[in-house]
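*Asks:* Just so it is clear, I am handing over structure.csv, which has CSV, C-alpha atoms and all ligand atoms.
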```
chain,number,residue,atom,x,y,z
O,3,MET,CA,62.0,161.6,50.8
O,4,ARG,CA,63.6,161.1,54.2
O,5,PRO,CA,62.3,163.1,57.1
O,6,PRO,CA,64.7,165.8,58.3
O,7,PHE,CA,66.0,163.9,61.3
O,8,PRO,CA,69.2,166.0,61.8
O,9,GLN,CA,67.1,169.2,61.9
O,10,ARG,CA,64.7,167.7,64.4
O,11,LEU,CA,67.6,166.7,66.6
O,12,ALA,CA,69.1,170.2,66.3
O,13,ARG,CA,65.8,171.8,67.3
O,14,LEU,CA,65.6,169.5,70.3
O,15,ARG,CA,69.1,170.4,71.3
O,16,ALA,CA,68.2,174.0,71.2
O,17,LEU,CA,65.3,173.3,73.6
O,18,LEU,CA,67.5,171.3,75.9
O,19,GLN,CA,70.0,174.2,76.1
O,20,ALA,CA,67.2,176.6,76.8
O,21,SER,CA,66.0,174.3,79.7
O,22,GLY,CA,69.6,174.1,81.1
O,23,LEU,CA,70.0,170.5,80.1
O,24,ASP,CA,73.2,168.9,78.6
O,25,ALA,CA,71.4,165.8,77.2
O,26,CYS,CA,68.2,163.9,77.4
O,27,VAL,CA,66.9,160.3,77.1
O,28,THR,CA,63.7,159.1,75.6
O,29,LEU,CA,62.1,155.6,75.7
O,30,HIS,CA,58.9,156.7,74.0
O,31,ARG,CA,58.6,155.0,70.7
O,32,PRO,CA,56.9,157.8,68.8
O,33,ASN,CA,59.5,160.3,70.0
O,34,ILE,CA,62.3,157.9,68.9
O,35,LEU,CA,60.7,157.4,65.5
O,36,TYR,CA,60.4,161.1,65.1
O,37,LEU,CA,63.9,161.9,66.1
O,38,CYS,CA,65.9,159.2,64.3
O,39,GLY,CA,63.5,157.0,62.2
O,40,PHE,CA,63.7,153.8,64.2
O,41,SER,CA,60.4,152.0,64.5
O,42,GLY,CA,61.4,148.9,66.4
O,43,SER,CA,59.8,148.0,69.7
O,44,SER,CA,63.0,147.8,71.8
O,45,ALA,CA,64.7,151.1,71.9
O,46,ALA,CA,66.2,153.9,74.0
O,47,LEU,CA,67.6,157.1,72.5
O,48,LEU,CA,70.2,159.3,74.1
O,49,ILE,CA,70.5,162.9,72.7
O,50,GLU,CA,73.8,164.4,73.4
O,51,PRO,CA,75.1,167.9,72.6
O,52,ARG,CA,76.8,166.8,69.4
O,53,GLY,CA,75.4,163.4,68.6
O,54,ALA,CA,72.7,160.9,69.5
O,55,ARG,CA,72.9,157.2,70.2
O,56,LEU,CA,70.1,154.6,69.7
O,57,PHE,CA,70.3,151.5,71.9
O,58,THR,CA,68.5,148.4,70.7
O,59,ASP,CA,69.0,144.7,70.7
O,60,ASN,CA,70.2,142.1,68.2
O,61,ARG,CA,66.7,141.4,66.8
O,62,TYR,CA,66.7,144.9,65.3
O,63,ALA,CA,70.3,145.1,64.1
O,64,ILE,CA,69.4,145.0,60.4
O,65,GLN,CA,66.4,147.2,60.8
O,66,ALA,CA,68.3,149.8,62.8
O,67,ALA,CA,71.1,150.0,60.2
O,68,ASP,CA,68.4,150.6,57.6
O,69,GLU,CA,66.1,153.0,59.4
O,70,VAL,CA,68.3,155.1,61.8
O,71,HIS,CA,69.6,158.5,60.5
O,72,GLY,CA,71.3,161.2,62.6
O,73,ALA,CA,72.2,158.8,65.4
O,74,SER,CA,74.7,156.1,66.0
O,75,VAL,CA,73.4,152.6,66.9
O,76,GLY,CA,74.5,150.5,69.8
O,77,ILE,CA,73.4,146.9,69.7
O,78,VAL,CA,73.0,145.8,73.3
O,79,GLN,CA,72.9,142.4,75.0
O,80,GLY,CA,71.0,142.8,78.2
O,81,SER,CA,69.4,146.0,79.5
O,82,LEU,CA,69.3,149.0,77.2
O,83,LEU,CA,69.0,151.3,80.2
O,84,VAL,CA,72.2,149.9,81.8
O,85,ALA,CA,74.0,150.3,78.5
O,86,MET,CA,72.8,153.9,78.2
O,87,GLY,CA,73.6,154.6,81.8
O,88,ASN,CA,77.2,153.3,81.3
O,89,ARG,CA,77.6,155.6,78.4
O,90,LEU,CA,76.5,158.6,80.4
O,91,GLN,CA,78.9,157.6,83.2
O,92,GLN,CA,81.7,157.5,80.6
O,93,ALA,CA,80.7,160.9,79.3
O,94,GLY,CA,81.1,161.9,82.9
O,95,ILE,CA,81.9,165.5,83.7
O,96,ARG,CA,80.6,166.8,80.3
O,97,LEU,CA,77.0,165.6,80.7
O,98,ARG,CA,75.8,166.4,84.1
O,99,ARG,CA,72.3,167.5,83.7
O,100,VAL,CA,70.2,165.0,81.8
O,101,GLY,CA,66.5,165.3,81.1
O,102,TYR,CA,64.1,162.3,81.2
O,103,GLU,CA,60.4,162.1,80.2
O,104,ALA,CA,58.6,161.6,83.5
O,105,SER,CA,55.4,160.6,81.8
O,106,GLN,CA,57.1,157.9,79.6
O,107,LEU,CA,59.4,156.2,82.1
O,108,SER,CA,58.3,153.8,84.8
O,109,VAL,CA,59.6,154.2,88.3
O,110,GLN,CA,61.5,151.0,87.9
O,111,GLN,CA,63.1,152.1,84.6
O,112,PHE,CA,64.1,155.4,86.2
O,113,LYS,CA,65.7,153.7,89.2
O,114,GLN,CA,67.6,151.4,86.9
O,115,LEU,CA,68.9,154.3,84.8
O,116,ARG,CA,69.9,156.3,87.9
O,117,LYS,CA,71.7,153.3,89.3
O,118,ALA,CA,73.6,152.7,86.0
O,119,THR,CA,74.7,156.4,85.7
O,120,GLY,CA,75.8,156.8,89.2
O,121,GLU,CA,76.0,160.0,91.3
O,122,ARG,CA,77.5,162.3,88.8
O,123,VAL,CA,74.4,162.8,86.6
O,124,ARG,CA,71.6,165.0,87.8
O,125,TRP,CA,68.3,163.9,86.4
O,126,GLN,CA,65.7,166.5,85.6
O,127,PRO,CA,62.2,165.9,84.3
O,128,ALA,CA,61.8,167.4,80.8
O,129,HIS,CA,58.2,168.0,79.9
O,130,SER,CA,56.9,167.4,76.4
O,131,LEU,CA,60.0,168.8,74.6
O,132,VAL,CA,59.7,166.3,71.7
O,133,GLU,CA,55.9,166.4,71.8
O,134,GLY,CA,56.1,170.2,71.3
O,135,LEU,CA,58.2,169.7,68.2
O,136,ARG,CA,55.9,166.9,66.9
O,137,ALA,CA,52.8,169.1,67.3
O,138,VAL,CA,54.0,171.2,64.3
O,139,LYS,CA,54.0,169.0,61.2
O,140,ASP,CA,56.3,169.5,58.3
O,141,HIS,CA,55.3,169.3,54.7
O,142,GLY,CA,56.1,165.6,54.4
O,143,GLU,CA,54.2,164.7,57.5
O,144,ILE,CA,51.1,166.6,56.3
O,145,GLY,CA,51.3,164.7,53.0
O,146,LEU,CA,51.4,161.3,54.9
O,147,MET,CA,48.5,162.4,57.1
O,148,LYS,CA,46.5,163.4,54.0
O,149,ALA,CA,47.0,159.9,52.6
O,150,ALA,CA,46.1,158.3,55.9
O,151,ALA,CA,42.9,160.4,56.1
O,152,ALA,CA,42.0,159.5,52.5
O,153,LEU,CA,42.5,155.8,53.3
O,154,GLY,CA,40.2,156.0,56.4
O,155,SER,CA,37.6,157.9,54.4
O,156,ARG,CA,37.6,155.2,51.7
O,157,ALA,CA,37.3,152.4,54.3
O,158,PHE,CA,34.2,154.2,55.6
O,159,GLU,CA,32.7,154.5,52.1
O,160,GLN,CA,33.5,150.9,51.4
O,161,VAL,CA,31.5,149.5,54.4
O,162,LEU,CA,28.4,151.7,53.8
O,163,PRO,CA,26.7,148.9,51.7
O,164,LEU,CA,27.3,146.5,54.6
O,165,ILE,CA,25.3,148.6,57.0
O,166,LYS,CA,22.1,146.6,56.8
O,167,PRO,CA,19.7,145.2,59.5
O,168,GLY,CA,21.1,142.0,60.9
O,169,ILE,CA,24.9,142.8,60.9
O,170,ARG,CA,26.6,142.7,64.3
O,171,GLU,CA,28.7,145.6,65.6
O,172,PHE,CA,31.9,143.5,65.8
O,173,GLU,CA,31.4,142.2,62.2
O,174,LEU,CA,31.2,145.7,60.9
O,175,ALA,CA,34.3,146.7,63.0
O,176,ALA,CA,36.2,143.7,61.5
O,177,GLU,CA,35.1,144.7,58.0
O,178,ILE,CA,36.5,148.2,58.5
O,179,GLU,CA,39.8,147.1,59.9
O,180,TYR,CA,40.2,144.5,57.1
O,181,ARG,CA,39.6,147.1,54.4
O,182,MET,CA,42.1,149.5,56.0
O,183,ARG,CA,44.7,146.8,56.0
O,184,ARG,CA,43.9,145.8,52.4
O,185,MET,CA,44.7,149.4,51.4
O,186,GLY,CA,48.1,149.4,53.1
O,187,ALA,CA,47.4,150.5,56.7
O,188,ILE,CA,49.7,148.8,59.2
O,189,GLY,CA,46.7,148.5,61.5
O,190,PRO,CA,44.0,150.5,63.3
O,191,ALA,CA,45.1,153.6,65.2
O,192,PHE,CA,42.8,152.5,68.0
O,193,GLU,CA,40.1,149.9,68.6
O,194,THR,CA,37.5,150.6,66.0
O,195,ILE,CA,34.2,151.9,67.5
O,196,VAL,CA,31.0,150.6,66.0
O,197,ALA,CA,27.8,151.3,68.0
O,198,PHE,CA,24.1,150.7,67.0
O,199,GLY,CA,21.0,152.4,68.4
O,200,GLU,CA,21.0,153.3,72.1
O,201,ARG,CA,24.7,152.1,72.3
O,202,CYS,CA,25.6,155.2,70.3
O,203,ALA,CA,25.3,157.1,73.6
O,204,LEU,CA,28.6,155.5,74.7
O,205,PRO,CA,31.3,157.8,73.2
O,206,HIS,CA,33.8,154.9,73.3
O,207,ALA,CA,31.5,151.9,72.7
O,208,ARG,CA,33.4,148.7,72.2
O,209,PRO,CA,31.8,146.6,69.4
O,210,SER,CA,29.5,144.0,70.8
O,211,GLY,CA,27.4,141.2,69.3
O,212,ARG,CA,24.4,143.5,69.1
O,213,ARG,CA,22.6,143.2,65.7
O,214,LEU,CA,21.5,146.3,63.7
O,215,ARG,CA,17.8,146.9,63.4
O,216,LYS,CA,15.9,149.2,61.1
O,217,ASN,CA,15.4,152.8,62.2
O,218,GLU,CA,18.5,153.0,64.2
O,219,LEU,CA,21.6,155.3,64.5
O,220,VAL,CA,25.0,153.9,63.7
O,221,VAL,CA,28.2,155.5,64.9
O,222,LEU,CA,31.5,154.5,63.2
O,223,ASP,CA,34.8,155.8,64.6
O,224,LEU,CA,37.8,154.5,62.8
O,225,GLY,CA,41.5,155.3,62.5
O,226,ALA,CA,44.2,153.8,60.3
O,227,ILE,CA,48.0,154.0,60.7
O,228,LEU,CA,49.6,154.5,57.3
O,229,GLN,CA,53.4,155.0,57.2
O,230,HIS,CA,53.3,155.6,60.9
O,231,TYR,CA,50.8,158.4,60.8
O,232,CYS,CA,47.2,158.2,62.1
O,233,CYS,CA,43.9,159.4,60.9
O,234,ASP,CA,40.8,159.6,63.0
O,235,LEU,CA,37.3,159.7,61.4
O,236,THR,CA,33.8,159.5,62.9
O,237,ARG,CA,30.5,159.4,61.0
O,238,THR,CA,27.0,158.8,62.2
O,239,VAL,CA,24.4,157.4,59.8
O,240,TYR,CA,20.8,156.5,60.1
O,241,VAL,CA,19.3,153.2,58.9
O,242,GLY,CA,15.9,154.2,57.6
O,243,ARG,CA,14.3,157.6,57.6
O,244,ALA,CA,15.5,159.7,60.5
O,245,PRO,CA,12.9,161.2,62.8
O,246,ALA,CA,12.8,164.9,63.2
O,247,ARG,CA,14.5,164.8,66.6
O,248,ILE,CA,17.5,162.9,65.3
O,249,ARG,CA,17.8,165.2,62.3
O,250,GLY,CA,17.7,168.2,64.6
O,251,TRP,CA,20.5,166.7,66.7
O,252,TYR,CA,22.5,165.9,63.6
O,253,GLN,CA,22.2,169.4,62.2
O,254,ALA,CA,23.2,170.8,65.6
O,255,VAL,CA,26.4,168.7,65.8
O,256,LEU,CA,27.2,169.5,62.2
O,257,GLU,CA,26.7,173.2,63.0
O,258,ALA,CA,28.9,172.9,66.1
O,259,GLN,CA,31.7,171.2,64.0
O,260,SER,CA,31.4,173.9,61.4
O,261,ALA,CA,31.7,176.6,64.1
O,262,ALA,CA,34.8,174.9,65.4
O,263,ARG,CA,36.3,174.6,61.9
O,264,HIS,CA,35.7,178.3,61.2
O,265,THR,CA,37.3,179.3,64.5
O,266,LEU,CA,40.3,177.1,64.1
O,267,ARG,CA,43.3,179.0,62.9
O,268,ALA,CA,46.8,179.9,63.9
O,269,GLY,CA,46.8,182.2,66.9
O,270,VAL,CA,43.6,181.2,68.6
O,271,THR,CA,43.6,178.9,71.6
O,272,GLY,CA,42.4,175.3,71.9
O,273,SER,CA,39.9,176.6,74.4
O,274,GLN,CA,38.4,179.1,71.9
O,275,VAL,CA,37.8,176.3,69.4
O,276,ASP,CA,36.2,174.1,72.0
O,277,GLU,CA,34.0,177.0,73.1
O,278,ALA,CA,32.9,177.7,69.6
O,279,ALA,CA,31.5,174.1,69.2
O,280,ARG,CA,30.1,174.1,72.7
O,281,ASN,CA,28.2,177.4,72.2
O,282,VAL,CA,26.4,176.1,69.2
O,283,LEU,CA,25.2,173.0,71.1
O,284,ARG,CA,24.2,175.1,74.1
O,285,LYS,CA,22.1,177.3,71.8
O,286,HIS,CA,20.3,174.1,70.7
O,287,ARG,CA,19.9,173.1,74.3
O,288,LEU,CA,22.2,170.2,73.8
O,289,GLY,CA,25.2,171.5,75.8
O,290,ARG,CA,24.9,169.1,78.6
O,291,PHE,CA,24.9,166.1,76.2
O,292,PHE,CA,28.3,167.1,74.8
O,293,THR,CA,30.4,165.3,77.4
O,294,HIS,CA,33.9,165.4,76.0
O,295,SER,CA,36.3,167.9,74.4
O,296,THR,CA,36.1,169.1,70.9
O,297,GLY,CA,39.4,167.6,69.6
O,298,HIS,CA,43.0,166.6,69.9
O,299,GLY,CA,46.2,166.6,68.1
O,300,LEU,CA,46.9,163.8,65.7
O,301,GLY,CA,50.2,162.5,64.2
O,302,LEU,CA,52.4,159.6,65.1
O,303,GLU,CA,50.0,159.1,68.0
O,304,VAL,CA,46.3,159.2,67.8
O,305,HIS,CA,46.1,161.5,70.8
O,306,GLU,CA,48.8,164.1,71.1
O,307,ASP,CA,49.3,167.9,71.4
O,308,PRO,CA,47.6,170.3,71.0
O,309,ARG,CA,44.2,169.7,72.7
O,310,LEU,CA,41.1,171.5,71.9
O,311,ALA,CA,39.5,171.7,75.3
O,312,ALA,CA,38.5,174.0,78.1
O,313,GLY,CA,41.5,175.5,79.8
O,314,GLN,CA,43.9,175.1,76.8
O,315,THR,CA,45.3,178.6,76.7
O,316,GLN,CA,48.3,178.0,74.4
O,317,LYS,CA,48.0,179.5,70.9
O,318,LEU,CA,47.5,177.0,68.0
O,319,GLN,CA,50.2,177.1,65.4
O,320,THR,CA,50.3,176.7,61.6
O,321,SER,CA,50.7,173.0,60.7
O,322,ASN,CA,49.2,171.7,63.9
O,323,VAL,CA,46.9,168.8,62.9
O,324,VAL,CA,43.9,168.2,65.1
O,325,THR,CA,40.5,166.4,65.1
O,326,LEU,CA,37.2,168.3,65.2
O,327,GLU,CA,34.7,166.0,66.8
O,328,PRO,CA,31.8,167.4,68.7
O,329,GLY,CA,29.0,165.0,69.7
O,330,VAL,CA,25.8,164.6,71.7
O,331,TYR,CA,25.1,161.5,73.8
O,332,VAL,CA,21.7,160.8,75.2
O,333,GLU,CA,21.4,157.8,77.5
O,334,GLY,CA,18.8,155.3,76.4
O,335,VAL,CA,18.3,156.9,73.0
O,336,GLY,CA,21.6,157.2,71.2
O,337,GLY,CA,24.3,159.6,70.1
O,338,ILE,CA,25.8,161.5,67.2
O,339,ARG,CA,29.4,162.4,66.6
O,340,ILE,CA,31.0,163.9,63.5
O,341,GLU,CA,34.8,163.9,63.3
O,342,ASP,CA,37.2,165.2,60.8
O,343,ASP,CA,41.0,165.8,60.7
O,344,ALA,CA,42.2,169.4,60.1
O,345,VAL,CA,45.5,171.2,59.5
O,346,VAL,CA,45.8,174.6,61.2
O,347,THR,CA,46.8,177.5,58.8
O,348,PRO,CA,46.8,181.2,59.2
O,349,GLY,CA,43.4,181.2,57.5
O,350,GLU,CA,40.7,178.6,56.8
O,351,ALA,CA,41.6,175.1,58.2
O,352,GLN,CA,42.5,172.5,55.6
O,353,ILE,CA,40.3,169.4,56.1
O,354,LEU,CA,42.1,166.1,55.4
O,355,THR,CA,39.3,163.6,55.7
O,356,THR,CA,37.2,163.3,52.6
O,357,ALA,CA,34.1,161.3,53.6
O,358,GLN,CA,30.9,163.2,53.1
O,359,ARG,CA,29.5,164.9,56.2
O,360,GLY,CA,25.8,165.3,55.6
O,361,LEU,CA,23.3,162.9,57.3
O,362,LEU,CA,23.2,159.7,55.4
O,363,GLU,CA,20.0,157.7,55.6
O,364,LEU,CA,20.6,154.2,54.4
O,401,MN,MN,39.3,161.4,67.9
```
Output the file's structure as structure tokens, nothing else.
Ligand SMILES: [Mn+2]

*Replies:*
Amino acid sequence: MRPPFPQRLARLRALLQASGLDACVTLHRPNILYLCGFSGSSAALLIEPRGARLFTDNRYAIQAADEVHGASVGIVQGSLLVAMGNRLQQAGIRLRRVGYEASQLSVQQFKQLRKATGERVRWQPAHSLVEGLRAVKDHGEIGLMKAAAALGSRAFEQVLPLIKPGIREFELAAEIEYRMRRMGAIGPAFETIVAFGERCALPHARPSGRRLRKNELVVLDLGAILQHYCCDLTRTVYVGRAPARIRGWYQAVLEAQSAARHTLRAGVTGSQVDEAARNVLRKHRLGRFFTHSTGHGLGLEVHEDPRLAAGQTQKLQTSNVVTLEPGVYVEGVGGIRIEDDAVVTPGEAQILTTAQRGLLEL
């Protein structure tokens, strides 16, 4: 079933109107994909009061004709921004106040666009309008994210037999990514993280040539993109029989994640969810080892709105999809992170990732 592009564009137009804007432009690929279905790498989208126009180049003519719905397509030779600017200039009097995404446009692109449109258009930064829409997933999107999360979970399960002393971090990372692709993922959602032993203390460890030894922690953080939607899953396992201190840390992180999960619901703030996880780790005297936020929105991008972090005072909404990923990181020793993907509902959160969560001792 096709995503409801016309409805998404209509919702955006209502937001534009509320912000006093006649139109807006976006160059951000996930926003373009969300609004009109186009997935090519060369694209600029102009949203007008009664229509929308996608600008792309000849390489994407066939793809655009196939993918784009709710917008007309302009195949451009030369600069997309100049073509867009020319159209705005023609639209003239009617479109005076035009929004742009300040965080997605380079200074050079903005200058080019301004030059092409001339004096008549007043440019105004529009903050996260499309991102705000994207944060609330529809039924179809949640279905796709469930499939992506199941795929990521299966990739994790498939590499468990490979976690044996002697394997290198980058070999295991390659095995994970290969399996995700074999199951239909277009690619990893981010550079797969594999860390052994003391390297688990690096929350974003890049896989190295380090070989696994017996009696070590292993952190795997993987994400797949399936039909444009991301999953994000982290599991920590122990090779051998975990000592009491490691078990204690693992149980504390698990308890923190569970507290976050039970706090997560429509109407609470991202800060409250973060605080729930953090409080548990403080209680276990591990608070200072939890060095990042509890989670982030997930969708067409692997990090998007809303954020589950201190200072996030906006209320979460039904059908936000977020990660829950508390962790502890102890320099010279190792680290533990447990991450799942969750859909916000008015009640109990719906968990999309299916990999088992208890401590695995391999
Ligand atoms: Mn994550």

*Asks:* Write out as a PyMOL selection string each polymer residue (protein, DNA or RNA) that has an atom no more than 8 Å from ligand MN 401 (chain O), with only C-alpha atoms and all ligand atoms counted.

*Replies:* chain O and resi 223+234-236+297-298+304-305+325-327+341

*Asks:* Write the residues of the preceding selection, restricted to C-alpha atoms, as a short mmCIF file (atom, residue, chain, number, x, y, z; two decimals), keeping the file's coordinate frame.

*Replies:*
```
data_model
loop_
_atom_site.label_atom_id
_atom_site.label_comp_id
_atom_site.auth_asym_id
_atom_site.auth_seq_id
_atom_site.Cartn_x
_atom_site.Cartn_y
_atom_site.Cartn_z
CA ASP O 223 34.80 155.80 64.60
CA ASP O 234 40.80 159.60 63.00
CA LEU O 235 37.30 159.70 61.40
CA THR O 236 33.80 159.50 62.90
CA GLY O 297 39.40 167.60 69.60
CA HIS O 298 43.00 166.60 69.90
CA VAL O 304 46.30 159.20 67.80
CA HIS O 305 46.10 161.50 70.80
CA THR O 325 40.50 166.40 65.10
CA LEU O 326 37.20 168.30 65.20
CA GLU O 327 34.70 166.00 66.80
CA GLU O 341 34.80 163.90 63.30
#
```

*Asks:* By how many Å are atom CA of Arg61 of chain O and atom CA of Gly301 of chain O apart?

*Replies:*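 Those two atoms sit 26.9 Å apart.
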
*Asks:* Hey, what's within 9 Å of Gly76 of chain O if we count only C-alpha atoms and toss same-chain stuff fewer than 6 positions away? As a list in words, please?

*Replies:* Arg55, Leu56, Phe57, Thr58, Asp59, Ala63 and Ala85 of chain O

*Asks:* I want to know what sits within 8 Å of Gln229 of chain O, based on all atoms listed in the file, with residues of the same chain fewer than 3 positions away left out; could you give that as a list in words?

*Replies:*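 Final neighbour list, sorted by chain and number: Leu146, Ala187 and Ile188 of chain O.
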
*Asks:* Write a file of the selected residues as a PDB file, in the coordinates of the input, keeping C-alpha atoms.

*Replies:*
```
ATOM      1  CA  LEU O 146      51.400 161.300  54.900  1.00  0.00           C
ATOM      2  CA  ALA O 187      47.400 150.500  56.700  1.00  0.00           C
ATOM      3  CA  ILE O 188      49.700 148.800  59.200  1.00  0.00           C
TER       4      ILE O 188
END
```

*Asks:* Do a neighbour search on Ala151 of chain O at 10 Å with all atoms listed in the file, toss out local chain neighbours closer than 5 positions, and write the hits as an MDAnalysis selection string.

*Replies:* chainID O and resid 145:146 156:157 225:228 231:235 342:344 353:357

*Asks:* Record the distance separating atom CA of Tyr240 of chain O and atom CA of Glu200 of chain O, expressed in Å with one decimal.

*Replies:*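 Result for atom CA of Tyr240 of chain O versus atom CA of Glu200 of chain O: 12.4 Å, one decimal.
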
*Asks:* Using only C-alpha atoms, which protein or nucleic acid residues come within 8 Å of Arg359 of chain O? Drop anything in the same chain fewer than 4 positions from it, and give the result as a short mmCIF file (atom, residue, chain, number, x, y, z; two decimals) with C-alpha atoms, in the frame of the given file.

*Replies:*
```
data_model
loop_
_atom_site.label_atom_id
_atom_site.label_comp_id
_atom_site.auth_asym_id
_atom_site.auth_seq_id
_atom_site.Cartn_x
_atom_site.Cartn_y
_atom_site.Cartn_z
CA ARG O 237 30.50 159.40 61.00
CA LEU O 256 27.20 169.50 62.20
CA ILE O 340 31.00 163.90 63.50
#
```

*Asks:* Using only C-alpha atoms, which residue out of O:Leu35, O:Val220, O:Leu162, O:Ile195 lies closest to Ala66 of chain O?

*Replies:*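 Selected residue with least distance to Ala66 of chain O: O:Leu35.
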
*Asks:* Near segment 168-174 of chain O, counting only C-alpha atoms, which residues have an atom at most 12 Å away, once you skip same-chain residues fewer than 2 positions from it, shown as a PyMOL selection string?

*Replies:* chain O and resi 157-158+160-166+176-181+193-199+201-202+207-216+218+220-224+241

*Asks:* Can you measure atom CA of Gly80 of chain O to atom CA of Ser44 of chain O for me? One decimal in Å is fine.

*Replies:* 11.4 Å
